[in-house]
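J.: Contents are mmCIF, C-alpha atoms and all ligand atoms; file name final05.cif:
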data_protein
loop_
_atom_site.label_atom_id
_atom_site.label_comp_id
_atom_site.auth_asym_id
_atom_site.auth_seq_id
_atom_site.Cartn_x
_atom_site.Cartn_y
_atom_site.Cartn_z
CA MET A 1370 -43.17 -8.45 209.18
CA MET A 1371 -40.39 -9.62 211.44
CA GLY A 1372 -36.95 -8.19 210.88
CA GLY A 1373 -36.22 -6.18 207.76
CA THR A 1374 -36.09 -2.42 207.32
CA LEU A 1375 -38.75 0.16 208.06
CA VAL A 1376 -38.35 3.50 206.27
CA VAL A 1377 -40.28 6.46 207.64
CA ALA A 1378 -41.22 8.65 204.68
CA GLU A 1379 -41.55 12.38 205.16
CA THR A 1380 -44.10 14.70 203.61
CA ARG A 1381 -44.52 18.42 203.91
CA GLN A 1382 -47.49 20.46 202.81
CA GLY A 1383 -48.96 17.62 200.81
CA ALA A 1384 -45.80 16.54 198.96
CA VAL A 1385 -43.36 13.69 199.57
CA ARG A 1386 -39.94 15.18 200.38
CA ASP A 1387 -36.87 14.07 198.39
CA ILE A 1388 -35.25 12.60 201.50
CA SER A 1389 -37.94 9.89 201.50
CA PHE A 1390 -36.54 8.49 198.24
CA GLU A 1391 -32.98 8.81 199.57
CA LEU A 1392 -33.96 6.78 202.65
CA ILE A 1393 -35.45 4.09 200.42
CA GLY A 1394 -32.31 4.16 198.25
CA ALA A 1395 -30.09 3.69 201.31
CA ALA A 1396 -32.29 0.86 202.60
CA GLY A 1397 -32.18 -0.82 199.18
CA GLN A 1398 -28.37 -0.82 199.21
CA ILE A 1399 -28.22 -3.04 202.31
CA LYS A 1400 -31.53 -4.89 201.93
CA GLN A 1401 -29.89 -8.24 201.19
CA GLN A 1402 -27.57 -8.06 204.20
CA VAL A 1403 -30.30 -6.92 206.62
CA GLY A 1404 -32.63 -9.60 205.33
CA GLY A 1405 -36.40 -9.41 205.52
CA PRO A 1406 -38.64 -6.98 203.70
CA LEU A 1407 -38.17 -3.29 202.95
CA VAL A 1408 -41.29 -1.55 204.16
CA VAL A 1409 -42.08 2.16 203.85
CA ALA A 1410 -44.38 3.81 206.38
CA ILE A 1411 -46.20 7.02 205.66
CA ILE A 1412 -47.89 8.95 208.46
CA ASP A 1413 -50.02 11.61 206.81
CA PRO A 1414 -53.60 12.92 206.76
CA ASP A 1415 -53.96 11.44 203.25
CA PRO A 1416 -51.46 8.55 203.06
CA ALA A 1417 -53.16 6.91 200.07
CA ALA A 1418 -52.27 9.93 197.92
CA HIS A 1419 -48.54 9.15 198.28
CA ALA A 1420 -48.48 5.35 198.47
CA ALA A 1421 -47.84 4.73 194.76
CA ALA A 1422 -44.97 7.23 194.61
CA LEU A 1423 -43.31 5.53 197.58
CA ALA A 1424 -43.54 2.07 196.04
CA CYS A 1425 -40.05 2.53 194.58
CA ASP A 1426 -37.65 -0.11 193.39
CA GLY A 1427 -37.03 -2.68 196.12
CA VAL A 1428 -40.02 -1.69 198.30
CA ASP A 1429 -42.06 -4.72 199.41
CA GLU A 1430 -44.94 -2.97 201.13
CA VAL A 1431 -46.21 0.51 202.00
CA LEU A 1432 -47.80 1.00 205.42
CA ALA A 1433 -50.35 3.81 205.51
CA VAL A 1434 -51.10 5.48 208.84
CA THR A 1435 -53.73 8.20 208.74
CA SER A 1436 -52.81 11.18 210.86
CA PRO A 1437 -55.76 13.02 212.45
CA THR A 1438 -54.18 16.46 211.91
CA ALA A 1439 -53.49 18.34 208.69
CA GLY A 1440 -49.96 19.38 209.60
CA PHE A 1441 -47.02 17.43 210.99
CA GLU A 1442 -47.21 16.87 214.74
CA ALA A 1443 -44.23 15.33 216.51
CA HIS A 1444 -46.36 13.58 219.17
CA ILE A 1445 -48.48 11.91 216.54
CA ALA A 1446 -45.47 10.75 214.55
CA GLN A 1447 -43.89 9.43 217.75
CA ARG A 1448 -47.00 7.47 218.76
CA ALA A 1449 -47.39 6.08 215.23
CA LEU A 1450 -43.74 5.06 214.92
CA GLU A 1451 -43.73 3.36 218.31
CA ALA A 1452 -46.82 1.39 217.31
CA LEU A 1453 -45.26 0.43 213.96
CA ILE A 1454 -42.01 -0.73 215.58
CA ALA A 1455 -43.98 -2.79 218.11
CA SER A 1456 -46.14 -4.45 215.46
CA GLU A 1457 -43.63 -4.87 212.61
CA ARG A 1458 -40.51 -5.61 214.72
CA PRO A 1459 -37.97 -4.29 212.16
CA ARG A 1460 -34.20 -4.71 212.65
CA LEU A 1461 -33.50 -1.30 211.17
CA VAL A 1462 -35.52 1.93 211.01
CA LEU A 1463 -34.45 4.79 208.74
CA ALA A 1464 -35.80 8.33 209.01
CA ALA A 1465 -34.58 11.74 207.89
CA HIS A 1466 -32.11 13.88 209.80
CA SER A 1467 -34.67 16.66 209.49
CA ILE A 1468 -36.34 19.17 211.73
CA ASP A 1469 -39.49 16.99 211.73
CA ALA A 1470 -37.85 13.67 212.62
CA LEU A 1471 -35.58 15.28 215.21
CA GLY A 1472 -38.82 16.21 216.98
CA PHE A 1473 -39.85 12.60 217.60
CA ALA A 1474 -37.19 10.05 216.69
CA PRO A 1475 -34.93 10.54 219.75
CA ALA A 1476 -37.95 10.12 222.04
CA THR A 1477 -39.04 6.99 220.17
CA ALA A 1478 -35.54 5.52 220.39
CA ALA A 1479 -35.29 6.25 224.11
CA ALA A 1480 -38.77 4.89 224.88
CA ALA A 1481 -38.25 1.68 222.93
CA GLY A 1482 -34.60 1.16 223.94
CA LEU A 1483 -33.37 1.25 220.34
CA GLY A 1484 -29.86 1.80 219.02
CA PHE A 1485 -29.82 5.36 217.71
CA ALA A 1486 -27.66 7.73 215.65
CA THR A 1487 -28.33 11.09 214.03
CA ASP A 1488 -26.73 12.81 211.03
CA VAL A 1489 -25.63 9.53 209.49
CA ILE A 1490 -23.60 9.84 206.28
CA GLU A 1491 -22.82 6.14 205.59
CA VAL A 1492 -24.56 2.92 206.56
CA SER A 1493 -23.35 -0.63 206.17
CA TRP A 1494 -24.38 -3.94 207.69
CA GLU A 1495 -21.59 -5.94 209.29
CA ASP A 1496 -21.69 -9.05 211.47
CA GLY A 1497 -25.46 -8.94 211.81
CA GLY A 1498 -25.90 -5.28 212.70
CA PRO A 1499 -25.64 -1.74 211.36
CA VAL A 1500 -22.36 0.17 211.30
CA VAL A 1501 -22.64 3.87 210.55
CA ARG A 1502 -20.43 6.88 210.02
CA ARG A 1503 -21.46 10.28 211.28
CA GLY A 1504 -19.85 13.62 212.03
CA ALA A 1505 -18.58 14.14 215.57
CA TYR A 1506 -17.08 17.04 217.55
CA GLY A 1507 -18.73 19.70 215.42
CA GLY A 1508 -17.89 17.83 212.24
CA LYS A 1509 -14.14 17.79 212.91
CA LEU A 1510 -14.09 13.98 213.10
CA VAL A 1511 -15.99 11.20 211.41
CA ALA A 1512 -17.10 8.69 214.04
CA GLU A 1513 -17.86 5.05 213.28
CA CYS A 1514 -20.59 3.58 215.48
CA ASP A 1515 -22.11 0.16 215.95
CA PHE A 1516 -24.96 -0.85 218.22
CA PRO A 1517 -24.07 -4.09 219.98
CA ALA A 1518 -26.90 -6.08 221.55
CA LYS A 1519 -29.62 -3.85 220.07
CA GLN A 1520 -32.52 -5.72 218.48
CA CYS A 1521 -33.50 -2.65 216.50
CA THR A 1522 -31.63 0.51 215.52
CA LEU A 1523 -33.12 3.83 214.42
CA LEU A 1524 -30.92 5.98 212.17
CA LEU A 1525 -31.50 9.53 210.96
CA LEU A 1526 -29.79 9.98 207.58
CA ARG A 1527 -28.40 13.29 206.39
CA PRO A 1528 -30.35 14.65 203.38
CA ALA A 1529 -28.73 14.92 199.92
CA THR A 1530 -26.12 12.30 200.88
CA PHE A 1531 -27.58 8.96 199.73
CA ALA A 1532 -28.60 8.18 196.15
CA PRO A 1533 -32.39 8.14 195.79
CA ALA A 1534 -34.23 4.93 194.84
CA GLY A 1535 -35.50 4.74 191.30
CA PRO A 1536 -39.25 4.78 190.76
CA GLY A 1537 -40.68 1.29 190.89
CA ALA A 1538 -43.67 -0.18 189.12
CA GLY A 1539 -45.75 1.41 191.88
CA ASP A 1540 -47.45 -1.90 192.57
CA ALA A 1541 -46.12 -2.74 196.03
CA PRO A 1542 -49.11 -3.58 198.24
CA VAL A 1543 -50.42 -0.86 200.54
CA ARG A 1544 -51.59 -1.86 204.01
CA ASP A 1545 -53.64 0.47 206.19
CA VAL A 1546 -52.38 0.35 209.75
CA ASP A 1547 -54.80 1.49 212.37
CA VAL A 1548 -53.05 3.35 215.18
CA ALA A 1549 -55.09 5.12 217.87
CA LEU A 1550 -53.90 8.68 217.37
CA ASP A 1551 -56.90 10.89 218.03
CA ASP A 1552 -55.79 11.85 221.51
CA ALA A 1553 -52.08 12.05 220.67
CA ALA A 1554 -51.92 15.66 219.57
CA GLN A 1555 -50.68 17.78 222.44
CA THR A 1556 -49.90 20.72 220.20
CA THR A 1557 -52.01 22.68 217.74
CA HIS A 1558 -50.74 23.51 214.29
CA LEU A 1559 -51.46 27.19 213.73
CA GLY A 1560 -50.06 27.50 210.21
CA TYR A 1561 -47.08 26.95 208.03
CA GLN A 1562 -44.65 29.77 207.46
CA GLU A 1563 -41.91 29.49 204.86
CA PRO A 1564 -38.50 30.54 206.14
CA GLN A 1565 -37.30 33.85 204.81
CA ALA A 1566 -35.56 32.41 201.79
CA ASP A 1567 -35.69 35.37 199.42
CA GLY A 1568 -37.08 32.95 196.85
CA VAL A 1569 -34.03 30.67 196.61
CA ASP A 1570 -33.48 27.06 197.47
CA ILE A 1571 -29.75 26.42 197.31
CA ALA A 1572 -30.33 22.74 198.15
CA THR A 1573 -31.84 22.13 194.72
CA ALA A 1574 -29.72 24.57 192.67
CA ASP A 1575 -27.92 23.13 189.65
CA VAL A 1576 -24.94 25.50 189.78
CA LEU A 1577 -23.82 27.36 192.91
CA LEU A 1578 -21.44 30.29 193.00
CA SER A 1579 -20.39 30.29 196.63
CA ILE A 1580 -18.48 33.10 198.30
CA GLY A 1581 -16.50 33.13 201.54
CA ARG A 1582 -14.53 35.48 203.71
CA GLY A 1583 -12.13 36.10 200.81
CA VAL A 1584 -14.80 38.62 199.72
CA GLU A 1585 -13.76 41.07 202.35
CA ASP A 1586 -16.28 43.82 201.84
CA GLN A 1587 -20.07 43.67 202.13
CA ASP A 1588 -20.32 46.05 199.17
CA ASP A 1589 -18.88 43.33 196.91
CA VAL A 1590 -21.63 40.81 197.71
CA GLU A 1591 -24.00 42.45 195.25
CA ARG A 1592 -21.38 42.13 192.50
CA PHE A 1593 -21.18 38.36 193.03
CA GLY A 1594 -24.98 38.17 193.16
CA SER A 1595 -25.26 39.68 189.70
CA LEU A 1596 -22.32 37.64 188.41
CA ALA A 1597 -24.08 34.47 189.61
CA GLU A 1598 -27.28 35.56 187.90
CA ARG A 1599 -25.50 36.23 184.61
CA MET A 1600 -23.82 32.81 184.81
CA GLY A 1601 -27.16 31.09 185.47
CA ALA A 1602 -25.94 30.17 188.94
CA THR A 1603 -27.36 30.67 192.42
CA LEU A 1604 -25.38 32.62 195.02
CA SER A 1605 -24.50 30.81 198.25
CA ALA A 1606 -21.98 31.51 201.01
CA SER A 1607 -19.93 30.23 203.90
CA ARG A 1608 -21.13 30.91 207.41
CA PRO A 1609 -19.10 34.03 208.31
CA LEU A 1610 -20.90 36.01 205.60
CA VAL A 1611 -24.27 34.93 206.97
CA ASP A 1612 -23.19 35.59 210.57
CA ALA A 1613 -22.16 39.09 209.48
CA GLY A 1614 -25.67 39.62 208.09
CA TRP A 1615 -24.40 40.06 204.52
CA LEU A 1616 -26.63 37.27 203.22
CA PRO A 1617 -29.71 35.49 204.65
CA ALA A 1618 -29.33 32.15 206.43
CA ALA A 1619 -31.05 30.39 203.53
CA ARG A 1620 -27.88 30.95 201.49
CA GLN A 1621 -25.51 29.23 203.95
CA VAL A 1622 -23.79 26.02 202.93
CA GLY A 1623 -22.48 23.68 205.60
CA GLN A 1624 -23.07 21.73 208.73
CA SER A 1625 -25.22 24.42 210.35
CA GLY A 1626 -26.54 25.57 206.98
CA GLN A 1627 -27.78 23.55 204.04
CA THR A 1628 -26.40 20.41 202.45
CA VAL A 1629 -26.12 21.04 198.73
CA LYS A 1630 -25.42 18.72 195.83
CA PRO A 1631 -25.24 20.87 192.70
CA ARG A 1632 -23.77 19.79 189.39
CA VAL A 1633 -21.13 22.52 189.81
CA TYR A 1634 -19.96 24.19 193.03
CA LEU A 1635 -17.70 27.19 192.45
CA ALA A 1636 -16.06 28.17 195.76
CA LEU A 1637 -14.51 31.65 195.78
CA GLY A 1638 -12.42 32.64 198.80
CA ILE A 1639 -13.63 29.75 200.96
CA SER A 1640 -10.94 27.99 202.99
CA GLY A 1641 -12.75 24.64 203.26
CA ALA A 1642 -13.31 24.22 207.00
CA VAL A 1643 -14.74 20.80 207.92
CA GLN A 1644 -18.08 22.36 208.77
CA HIS A 1645 -18.26 23.89 205.30
CA LEU A 1646 -17.13 20.70 203.56
CA ALA A 1647 -19.87 18.78 205.41
CA GLY A 1648 -22.43 20.64 203.31
CA MET A 1649 -20.89 20.49 199.83
CA ARG A 1650 -18.36 17.71 199.43
CA THR A 1651 -20.83 15.54 197.51
CA ALA A 1652 -21.23 18.17 194.74
CA GLU A 1653 -20.61 16.62 191.34
CA THR A 1654 -17.85 19.02 190.31
CA ILE A 1655 -16.12 21.33 192.77
CA VAL A 1656 -14.07 24.26 191.48
CA ALA A 1657 -12.07 26.18 194.07
CA VAL A 1658 -10.40 29.57 193.75
CA ASN A 1659 -8.19 30.68 196.60
CA THR A 1660 -4.97 32.68 197.00
CA ASP A 1661 -3.66 30.15 199.52
CA PRO A 1662 -2.34 26.99 197.83
CA GLU A 1663 -2.56 25.18 201.18
CA ALA A 1664 -6.30 25.91 201.64
CA PRO A 1665 -8.10 22.65 202.58
CA ILE A 1666 -10.79 23.31 199.95
CA PHE A 1667 -8.24 22.13 197.35
CA GLY A 1668 -8.34 18.71 199.05
CA VAL A 1669 -11.91 18.13 197.83
CA ALA A 1670 -11.87 20.26 194.64
CA HIS A 1671 -11.85 18.59 191.23
CA TYR A 1672 -10.42 21.78 189.70
CA GLY A 1673 -8.55 24.51 191.52
CA ALA A 1674 -6.94 27.85 190.75
CA VAL A 1675 -4.55 29.63 193.09
CA MET A 1676 -5.54 33.18 192.24
CA ASP A 1677 -7.30 36.30 193.46
CA LEU A 1678 -11.06 35.82 193.26
CA PHE A 1679 -11.55 39.41 192.11
CA GLU A 1680 -9.32 38.78 189.10
CA LEU A 1681 -11.48 35.78 188.24
CA ALA A 1682 -14.62 37.90 188.66
CA ASP A 1683 -13.13 40.52 186.27
CA GLU A 1684 -12.42 37.79 183.69
CA LEU A 1685 -15.86 36.21 184.00
CA GLU A 1686 -17.57 39.59 183.66
CA ARG A 1687 -15.50 40.33 180.56
CA ALA A 1688 -16.30 36.93 179.06
CA LEU A 1689 -20.03 37.39 179.72
CA GLY A 1690 -19.84 40.77 177.92
P1 LIG B 1701 -11.97 31.66 206.06
O1 LIG B 1701 -11.70 30.38 206.73
O2 LIG B 1701 -11.48 32.91 206.71
O3 LIG B 1701 -11.34 31.54 204.61
C1 LIG B 1701 -11.24 32.59 203.69
C2 LIG B 1701 -10.42 32.09 202.54
O4 LIG B 1701 -10.39 33.06 201.51
C3 LIG B 1701 -8.97 31.76 202.90
O5 LIG B 1701 -8.68 30.43 202.51
C4 LIG B 1701 -8.15 32.77 202.09
O6 LIG B 1701 -6.93 32.21 201.62
C5 LIG B 1701 -9.08 33.05 200.95
N1 LIG B 1701 -8.89 34.38 200.35
C6 LIG B 1701 -8.72 35.57 200.98
N2 LIG B 1701 -8.67 36.57 200.08
C7 LIG B 1701 -8.80 35.99 198.86
C8 LIG B 1701 -8.83 36.52 197.53
N3 LIG B 1701 -8.73 37.84 197.29
N4 LIG B 1701 -8.99 35.64 196.51
C9 LIG B 1701 -9.10 34.30 196.74
N5 LIG B 1701 -9.08 33.77 197.97
C10 LIG B 1701 -8.96 34.60 199.03
N6 LIG B 1701 -18.97 27.32 208.19
C11 LIG B 1701 -19.69 27.20 207.06
O7 LIG B 1701 -19.28 27.68 205.99
N7 LIG B 1701 -20.92 26.60 207.08
C12 LIG B 1701 -21.44 26.03 208.21
O8 LIG B 1701 -22.56 25.52 208.16
C13 LIG B 1701 -20.66 26.12 209.41
N8 LIG B 1701 -21.13 25.55 210.54
C14 LIG B 1701 -20.33 25.57 211.67
C15 LIG B 1701 -20.76 24.91 212.82
C16 LIG B 1701 -19.97 24.88 213.94
C17 LIG B 1701 -20.44 24.14 215.14
C18 LIG B 1701 -18.71 25.56 213.94
C19 LIG B 1701 -17.82 25.54 215.13
C20 LIG B 1701 -18.29 26.25 212.80
C21 LIG B 1701 -19.10 26.26 211.65
N9 LIG B 1701 -18.68 26.92 210.50
C22 LIG B 1701 -19.43 26.78 209.35
C23 LIG B 1701 -17.50 27.82 210.46
C24 LIG B 1701 -16.26 27.17 209.90
O9 LIG B 1701 -15.54 26.53 210.92
C25 LIG B 1701 -15.33 28.23 209.26
O10 LIG B 1701 -15.04 29.22 210.20
C26 LIG B 1701 -15.94 28.90 208.02
O11 LIG B 1701 -16.42 27.92 207.11
C27 LIG B 1701 -14.87 29.73 207.33
O12 LIG B 1701 -15.46 30.43 206.27
P2 LIG B 1701 -14.57 30.95 205.05
O13 LIG B 1701 -13.94 29.78 204.39
O14 LIG B 1701 -15.42 31.84 204.23
O15 LIG B 1701 -13.50 31.88 205.78
#
Please re-express this file's structure in structure tokens.
Ligand code: FAD
T.:
Amino acid sequence: MMGGTLVVAETRQGAVRDISFELIGAAGQIKQQVGGPLVVAIIDPDPAAHAAALACDGVDEVLAVTSPTAGFEAHIAQRALEALIASERPRLVLAAHSIDALGFAPATAAAAGLGFATDVIEVSWEDGGPVVRRGAYGGKLVAECDFPAKQCTLLLLRPATFAPAGPGAGDAPVRDVDVALDDAAQTTHLGYQEPQADGVDIATADVLLSIGRGVEDQDDVERFGSLAERMGATLSASRPLVDAGWLPAARQVGQSGQTVKPRVYLALGISGAVQHLAGMRTAETIVAVNTDPEAPIFGVAHYGAVMDLFELADELERALG
């Protein structure tokens, strides 16, 4: 391969993560402009197990690199990616803005002199190179970046932001790439510990009932937890409630929390700070309830009510019987 796009798929505990399909979807959108093939690399102890799933619509080839360790190791991924970039010479490399890729991608970009941007929310291809949009200054601004004079650019894309690629026929050819990795591991994987998530994953929830500082008393959190349950929703929150220790970090929506994309996002007493919007503005339908008609959340809401959230809670509880 010369030119084209290299997507670095991500797996965790034996499963391909959703972001992998979002990366392929984003690459597919600009494939014609970038030119060249769309190739997906998988660096995993058992890459063959995932190759067919990654052969989505628009994928020309899957590159399988066998990792010598069972768990993810940043040094191994870095060595493998550097070897792949050297041998395949892509114009564009897409990886996840994830805890895993942040452990190796910046080092790869620095070592290979690549153009580089993290937390990318939009990618286009203009005048022969990538142009991206990403949050800047703690998410208060959206910065547009290009990478003049760079032969290759590595971008980390924000999860749950790009539409995933559709499943393909699964018949893209798979090529084993032999990279000397046995001596690359400088760390030892002791085990995998799930974050304390009290059994919820707000990132995949269908309906989120999200509460903010408008809920002024910790004692009321439980009420909204049971209301969410009765509505078939999952409870999430803005950061101040998590900072106060009222809810675990796994429930936080936003720039320093989770990016969510539910079918319905019901925001109660949340002002709509840029850092909060960064995590939920792509929800399908946003319903905001706030006593302040000027609250910025109304700028992104599809439906809004200027009212006291406790009155709404009373009504919902009555309606649910
Ligand atoms: P407030 O801004 O205080 O808003 C409360 C709202 O409730 C107000 O609009 C008020 O009108 C309304 N209200 C009050 N009483 C009622 C009532 N009875 N009925 C209806 N409405 C009522 N924040 C996040 O949420 N997630 C993040 O990931 C995040 N990351 C950050 C990262 C950085 C680097 C920084 C600097 C900040 C971050 N923040 C984040 C914080 C963010 O800037 C805001 O401070 C926070 O989102 C505000 O939360 P809030 O909307 O609940 O509170």
J.: Using all atoms listed in the file, determine which residues lie at most 7 Å from Glu1391 in chain A, disregarding the query and same-chain residues fewer than 5 positions distant; provide the list as a list in words.
T.: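 In the requested form, the answer reads Phe1531, Ala1532, Pro1533 and Ala1534 of chain A.
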J.: So which residues touch Leu1524 in chain A within 12 Å, counting all atoms listed in the file, skipping near sequence neighbours fewer than 4 positions away, as JSON, numbers by chain?
T.: {"A": [1374, 1375, 1376, 1377, 1392, 1395, 1396, 1460, 1461, 1462, 1463, 1464, 1465, 1466, 1467, 1470, 1471, 1474, 1475, 1477, 1478, 1483, 1484, 1485, 1486, 1487, 1488, 1489, 1490, 1491, 1492, 1493, 1499, 1500, 1501, 1502, 1503, 1514, 1515, 1516]}
J.: Using only C-alpha atoms and all ligand atoms, which protein or nucleic acid residues are at most 8 Å from ligand LIG 1701 (chain B), as an mmCIF file with C-alpha atoms, in the coordinates of the input?
T.:
data_model
loop_
_atom_site.group_PDB
_atom_site.id
_atom_site.type_symbol
_atom_site.label_atom_id
_atom_site.label_comp_id
_atom_site.auth_asym_id
_atom_site.auth_seq_id
_atom_site.Cartn_x
_atom_site.Cartn_y
_atom_site.Cartn_z
ATOM 1 C CA GLY A 1507 -18.730 19.700 215.420
ATOM 2 C CA GLY A 1508 -17.890 17.830 212.240
ATOM 3 C CA ILE A 1580 -18.480 33.100 198.300
ATOM 4 C CA GLY A 1581 -16.500 33.130 201.540
ATOM 5 C CA ARG A 1582 -14.530 35.480 203.710
ATOM 6 C CA GLY A 1583 -12.130 36.100 200.810
ATOM 7 C CA VAL A 1584 -14.800 38.620 199.720
ATOM 8 C CA GLU A 1585 -13.760 41.070 202.350
ATOM 9 C CA ALA A 1606 -21.980 31.510 201.010
ATOM 10 C CA SER A 1607 -19.930 30.230 203.900
ATOM 11 C CA ARG A 1608 -21.130 30.910 207.410
ATOM 12 C CA PRO A 1609 -19.100 34.030 208.310
ATOM 13 C CA LEU A 1610 -20.900 36.010 205.600
ATOM 14 C CA GLN A 1621 -25.510 29.230 203.950
ATOM 15 C CA VAL A 1622 -23.790 26.020 202.930
ATOM 16 C CA GLY A 1623 -22.480 23.680 205.600
ATOM 17 C CA GLN A 1624 -23.070 21.730 208.730
ATOM 18 C CA SER A 1625 -25.220 24.420 210.350
ATOM 19 C CA GLY A 1626 -26.540 25.570 206.980
ATOM 20 C CA GLN A 1627 -27.780 23.550 204.040
ATOM 21 C CA LEU A 1637 -14.510 31.650 195.780
ATOM 22 C CA GLY A 1638 -12.420 32.640 198.800
ATOM 23 C CA ILE A 1639 -13.630 29.750 200.960
ATOM 24 C CA SER A 1640 -10.940 27.990 202.990
ATOM 25 C CA GLY A 1641 -12.750 24.640 203.260
ATOM 26 C CA ALA A 1642 -13.310 24.220 207.000
ATOM 27 C CA VAL A 1643 -14.740 20.800 207.920
ATOM 28 C CA GLN A 1644 -18.080 22.360 208.770
ATOM 29 C CA HIS A 1645 -18.260 23.890 205.300
ATOM 30 C CA LEU A 1646 -17.130 20.700 203.560
ATOM 31 C CA ALA A 1647 -19.870 18.780 205.410
ATOM 32 C CA GLY A 1648 -22.430 20.640 203.310
ATOM 33 C CA VAL A 1658 -10.400 29.570 193.750
ATOM 34 C CA ASN A 1659 -8.190 30.680 196.600
ATOM 35 C CA THR A 1660 -4.970 32.680 197.000
ATOM 36 C CA ASP A 1661 -3.660 30.150 199.520
ATOM 37 C CA PRO A 1662 -2.340 26.990 197.830
ATOM 38 C CA ALA A 1664 -6.300 25.910 201.640
ATOM 39 C CA PRO A 1665 -8.100 22.650 202.580
ATOM 40 C CA ILE A 1666 -10.790 23.310 199.950
ATOM 41 C CA VAL A 1675 -4.550 29.630 193.090
ATOM 42 C CA MET A 1676 -5.540 33.180 192.240
ATOM 43 C CA ASP A 1677 -7.300 36.300 193.460
ATOM 44 C CA LEU A 1678 -11.060 35.820 193.260
ATOM 45 C CA PHE A 1679 -11.550 39.410 192.110
#
J.: List the neighbours of Val1434 in chain A out to 10 Å using all atoms listed in the file; skip same-chain residues closer than 3 positions along the sequence, and give me the result as a JSON list (two decimals) with C-alpha atoms, in the frame of the given file.
T.:
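selection.json, freshly written:
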[["chain", "number", "residue", "atom", "x", "y", "z"],
["A", 1410, "ALA", "CA", -44.38, 3.81, 206.38],
["A", 1411, "ILE", "CA", -46.20, 7.02, 205.66],
["A", 1412, "ILE", "CA", -47.89, 8.95, 208.46],
["A", 1413, "ASP", "CA", -50.02, 11.61, 206.81],
["A", 1414, "PRO", "CA", -53.60, 12.92, 206.76],
["A", 1415, "ASP", "CA", -53.96, 11.44, 203.25],
["A", 1416, "PRO", "CA", -51.46, 8.55, 203.06],
["A", 1417, "ALA", "CA", -53.16, 6.91, 200.07],
["A", 1431, "VAL", "CA", -46.21, 0.51, 202.00],
["A", 1437, "PRO", "CA", -55.76, 13.02, 212.45],
["A", 1446, "ALA", "CA", -45.47, 10.75, 214.55],
["A", 1449, "ALA", "CA", -47.39, 6.08, 215.23],
["A", 1450, "LEU", "CA", -43.74, 5.06, 214.92],
["A", 1453, "LEU", "CA", -45.26, 0.43, 213.96],
["A", 1544, "ARG", "CA", -51.59, -1.86, 204.01],
["A", 1545, "ASP", "CA", -53.64, 0.47, 206.19],
["A", 1546, "VAL", "CA", -52.38, 0.35, 209.75],
["A", 1547, "ASP", "CA", -54.80, 1.49, 212.37],
["A", 1548, "VAL", "CA", -53.05, 3.35, 215.18],
["A", 1549, "ALA", "CA", -55.09, 5.12, 217.87],
["A", 1550, "LEU", "CA", -53.90, 8.68, 217.37]]
J.: Choose the residue, out of A:Asp1429, A:Asp1612, A:Glu1442, A:Glu1513, that has the smallest atom-to-atom separation from Glu1379 in chain A; count only C-alpha atoms.
T.: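 Smallest distance to Glu1379 in chain A is found for A:Glu1442.
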J.: Let me make sure I understand: among A:Gln1382, A:Asp1469, A:Thr1628, A:Glu1591, which one has the smallest atom-to-atom distance to Glu1563 in chain A if we use only C-alpha atoms?
T.: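 Once distances to Glu1563 in chain A are computed over only C-alpha atoms, the minimum belongs to A:Gln1382.
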J.: For range 1435-1444 of chain A, which lacks atoms in the input, supply N, CA and C atoms and format the output as a short mmCIF file (atom, residue, chain, number, x, y, z; two decimals), in the frame of the given file.
T.:
data_model
loop_
_atom_site.label_atom_id
_atom_site.label_comp_id
_atom_site.auth_asym_id
_atom_site.auth_seq_id
_atom_site.Cartn_x
_atom_site.Cartn_y
_atom_site.Cartn_z
N THR A 1435 -53.03 6.93 208.94
CA THR A 1435 -53.73 8.20 208.74
C THR A 1435 -53.59 9.07 209.98
N SER A 1436 -52.99 10.25 209.75
CA SER A 1436 -52.81 11.18 210.86
C SER A 1436 -54.09 12.02 211.02
N PRO A 1437 -54.52 12.26 212.25
CA PRO A 1437 -55.76 13.02 212.45
C PRO A 1437 -55.59 14.52 212.23
N THR A 1438 -54.37 15.01 212.08
CA THR A 1438 -54.18 16.46 211.91
C THR A 1438 -53.63 16.76 210.53
N ALA A 1439 -53.92 17.96 210.05
CA ALA A 1439 -53.49 18.34 208.69
C ALA A 1439 -51.99 18.53 208.61
N GLY A 1440 -51.40 19.13 209.63
CA GLY A 1440 -49.96 19.38 209.60
C GLY A 1440 -49.20 18.32 210.37
N PHE A 1441 -47.88 18.36 210.25
CA PHE A 1441 -47.02 17.43 210.99
C PHE A 1441 -47.09 17.74 212.48
N GLU A 1442 -47.26 16.71 213.29
CA GLU A 1442 -47.21 16.87 214.74
C GLU A 1442 -46.27 15.81 215.29
N ALA A 1443 -45.26 16.25 216.02
CA ALA A 1443 -44.23 15.33 216.51
C ALA A 1443 -44.83 14.23 217.40
N HIS A 1444 -45.80 14.58 218.25
CA HIS A 1444 -46.36 13.58 219.17
C HIS A 1444 -47.10 12.49 218.41
#
